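Below is the file entry33.cif, which contains mmCIF, C-alpha atoms and all ligand atoms.
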data_structure
loop_
_atom_site.label_atom_id
_atom_site.label_comp_id
_atom_site.auth_asym_id
_atom_site.auth_seq_id
_atom_site.Cartn_x
_atom_site.Cartn_y
_atom_site.Cartn_z
CA MET A 1 -15.10 -5.72 2.74
CA ARG A 2 -16.54 -2.59 4.30
CA CYS A 3 -13.93 0.10 5.07
CA SER A 4 -14.72 2.19 8.15
CA HIS A 5 -12.07 4.83 7.21
CA CYS A 6 -10.52 4.50 10.66
CA GLY A 7 -7.07 5.36 9.25
CA ILE A 8 -5.27 2.63 11.19
CA CYS A 9 -3.75 1.23 7.98
CA CYS A 10 -2.50 4.72 7.04
CA GLU A 11 -0.69 5.27 10.37
CA ASN A 12 3.08 4.69 10.30
CA THR A 13 2.57 2.94 6.99
CA GLU A 14 5.32 1.04 5.29
CA MET A 15 3.22 0.37 2.22
CA MET A 16 5.39 -0.73 -0.66
CA LEU A 17 4.97 0.88 -4.07
CA SER A 18 5.37 -0.66 -7.51
CA ASN A 19 6.79 1.33 -10.41
CA ALA A 20 3.22 1.58 -11.76
CA ASP A 21 2.04 3.10 -8.45
CA VAL A 22 4.81 5.70 -8.55
CA GLU A 23 4.13 6.56 -12.20
CA ARG A 24 0.37 6.84 -11.59
CA LEU A 25 0.93 9.24 -8.68
CA GLU A 26 3.40 11.31 -10.69
CA LYS A 27 0.87 11.57 -13.52
CA ALA A 28 -1.64 12.80 -10.96
CA GLY A 29 0.76 15.65 -10.17
CA TYR A 30 2.69 14.44 -7.13
CA THR A 31 6.50 14.63 -6.90
CA ARG A 32 8.05 11.26 -6.13
CA GLN A 33 10.65 12.69 -3.72
CA LYS A 34 7.80 14.01 -1.60
CA PHE A 35 5.78 10.82 -1.30
CA MET A 36 8.24 7.93 -1.51
CA ARG A 37 11.56 6.68 -0.25
CA TYR A 38 13.67 3.59 -0.91
CA ASP A 39 14.32 1.24 2.01
CA ASN A 40 17.60 -0.63 2.62
CA HIS A 41 16.49 -3.44 0.29
CA GLY A 42 15.69 -1.12 -2.62
CA PHE A 43 11.91 -1.28 -2.18
CA ALA A 44 9.94 1.91 -2.77
CA ARG A 45 7.73 2.82 0.19
CA LEU A 46 5.27 5.54 1.07
CA ARG A 47 6.69 8.32 3.21
CA ASN A 48 5.12 9.27 6.53
CA CYS A 49 4.45 12.72 7.92
CA HIS A 50 3.68 13.21 11.63
CA GLY A 51 3.06 9.50 12.01
CA PHE A 52 0.70 9.06 9.05
CA CYS A 53 1.08 8.43 5.34
CA VAL A 54 1.84 11.71 3.51
CA PHE A 55 -1.46 11.29 1.67
CA TYR A 56 -3.61 10.87 4.76
CA ASP A 57 -5.71 13.86 5.80
CA VAL A 58 -5.83 13.59 9.60
CA VAL A 59 -8.57 16.23 9.90
CA LYS A 60 -10.97 14.66 7.42
CA CYS A 61 -9.75 11.11 8.15
CA ARG A 62 -9.50 10.44 4.43
CA CYS A 63 -6.96 9.37 1.84
CA LEU A 64 -6.25 12.39 -0.37
CA ILE A 65 -5.43 10.23 -3.38
CA TYR A 66 -8.10 7.58 -3.00
CA GLU A 67 -8.67 7.28 -6.78
CA HIS A 68 -4.93 6.90 -7.38
CA ARG A 69 -3.96 5.01 -4.23
CA PRO A 70 -1.30 2.28 -4.47
CA LEU A 71 -2.38 -1.25 -5.32
CA GLY A 72 -1.23 -2.45 -1.88
CA CYS A 73 -3.71 -0.03 -0.28
CA ARG A 74 -6.50 -1.34 -2.54
CA ILE A 75 -5.72 -4.93 -1.62
CA TYR A 76 -5.45 -4.22 2.12
CA PRO A 77 -6.37 -5.69 4.64
CA VAL A 78 -5.18 -8.80 2.83
CA ILE A 79 -1.43 -8.98 3.38
CA TYR A 80 1.51 -11.36 3.29
CA SER A 81 2.90 -12.38 6.67
CA GLU A 82 6.28 -14.16 6.80
CA GLN A 83 4.96 -16.39 9.57
CA ALA A 84 1.48 -17.15 8.25
CA GLY A 85 1.48 -16.41 4.50
CA ILE A 86 -1.57 -14.70 3.02
CA VAL A 87 -3.78 -13.43 5.84
CA VAL A 88 -6.21 -10.65 6.76
CA ASP A 89 -4.33 -8.09 8.85
CA ASP A 90 -5.33 -8.33 12.49
CA LEU A 91 -4.94 -4.56 12.87
CA CYS A 92 -7.94 -3.86 10.63
CA PRO A 93 -11.13 -3.38 12.71
CA MET A 94 -13.21 -4.47 9.69
CA LYS A 95 -11.23 -7.67 9.14
CA ASN A 96 -14.31 -9.79 9.76
CA THR A 97 -16.03 -8.34 6.70
CA VAL A 98 -13.46 -9.90 4.33
CA SER A 99 -15.06 -12.94 2.71
CA GLU A 100 -13.21 -16.16 1.90
CA MET A 101 -13.61 -15.36 -1.79
CA GLU A 102 -12.14 -11.87 -1.35
CA LEU A 103 -9.23 -13.31 0.66
CA LYS A 104 -8.50 -15.76 -2.15
CA ARG A 105 -8.81 -13.15 -4.91
CA LYS A 106 -6.77 -10.50 -3.12
CA GLY A 107 -4.25 -13.09 -1.89
CA LYS A 108 -3.42 -13.90 -5.49
CA LYS A 109 -2.92 -10.20 -6.19
CA VAL A 110 -0.64 -9.83 -3.14
CA VAL A 111 1.62 -12.63 -4.42
CA GLU A 112 1.75 -11.15 -7.94
CA LEU A 113 2.42 -7.66 -6.59
CA LEU A 114 5.20 -8.84 -4.27
CA GLN A 115 6.87 -10.73 -7.10
CA ARG A 116 6.68 -7.68 -9.33
CA MET A 117 8.08 -5.35 -6.67
CA ASP A 118 10.83 -7.85 -5.87
CA ASN A 119 11.84 -7.91 -9.55
CA GLU A 120 11.73 -4.13 -9.70
CA ALA A 121 13.92 -3.79 -6.58
CA THR A 122 16.39 -6.34 -8.02
CA SER A 123 16.70 -4.53 -11.33
CA ARG A 124 17.03 -1.21 -9.49
CA SER A 125 19.96 -2.49 -7.42
CA ALA A 126 21.62 -3.96 -10.55
CA ARG A 127 21.86 -0.50 -12.14
S1 LIG A 201 -2.13 6.08 0.06
FE1 LIG A 201 -4.09 6.51 1.02
S2 LIG A 201 -4.90 4.50 1.63
FE2 LIG A 201 -2.71 4.23 1.23
S3 LIG A 201 -1.70 4.49 3.22
FE3 LIG A 201 -1.72 6.49 2.20
S4 LIG A 201 -3.56 7.56 2.95
FE4 LIG A 201 -3.77 5.35 3.39
#
Starting from the file, lay out its structure as structure tokens.
Ligand code: SF4
Amino acid sequence: MRCSHCGICCENTEMMLSNADVERLEKAGYTRQKFMRYDNHGFARLRNCHGFCVFYDVVKCRCLIYEHRPLGCRIYPVIYSEQAGIVVDDLCPMKNTVSEMELKRKGKKVVELLQRMDNEATSRSAR
């Protein structure tokens, strides 16, 4: 797909984070308390600041951690919808540039990632 860097996917984001995402960002020098929170189900999610992801630079319209961004952000705009399953997010203005092959490849990653994060949230709540 071609990303237009519109920032729509970084606005009021609820992007979930895997343990590997959190560890990668910590290694890059970021403090977890500043960039993530746990939701009511024990899932780690990106924090927002003034309506955007804490890592989104609203002036430059860029992700400040692009090289280290979470896997969910790399896979986007392919997402899992409870109603429709694996789909391309309608919110993305470049959604039409996602090929069938990319949808299939990223869809597989979405399923694997969700399973992993579900396991991580379960083991977190068992502690
Ligand atoms: S980590 Fe980067 S790409 Fe992901 S929501 Fe935040 S600013 Fe956007």
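Among the candidate residues A:Leu91, A:Ala44, A:Ile65, A:Arg127, the one lying nearest to A:Ala20 is A:Ala44, with distances computed using only C-alpha atoms.
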Inset, instruction - Rank A:Asn12, A:Ser125, A:Asn119, A:Ser18 by their smallest atom-to-atom distance to ligand LIG 201 (chain A), using all atoms listed in the file, and report the top residue only. - result: A:Asn12
Inset, instruction - Provide the atom S1 of ligand LIG 201 (chain A) to atom CA of A:Arg69 distance in Å, to one decimal place. - result: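 Taking atom S1 of ligand LIG 201 (chain A) as the start and atom CA of A:Arg69 as the end point, the length is 4.8 Å.
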Legend entry - Pick from A:Phe35, A:Tyr80, A:Tyr66, A:Tyr30, whichever lies nearest to ligand LIG 201 (chain A) using all atoms listed in the file: A:Tyr66
Inset, instruction - Could you check which of A:Met36, A:Ala121, A:Cys73, A:Cys6 is closest to ligand LIG 201 (chain A), using only C-alpha atoms and all ligand atoms? - result: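 Selected residue with least distance to ligand LIG 201 (chain A): A:Cys73.
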Inset, instruction - Give the residues close to ligand LIG 201 (chain A), within 9 Å, counting only C-alpha atoms and all ligand atoms; write them as a count of residues only. - result: 32
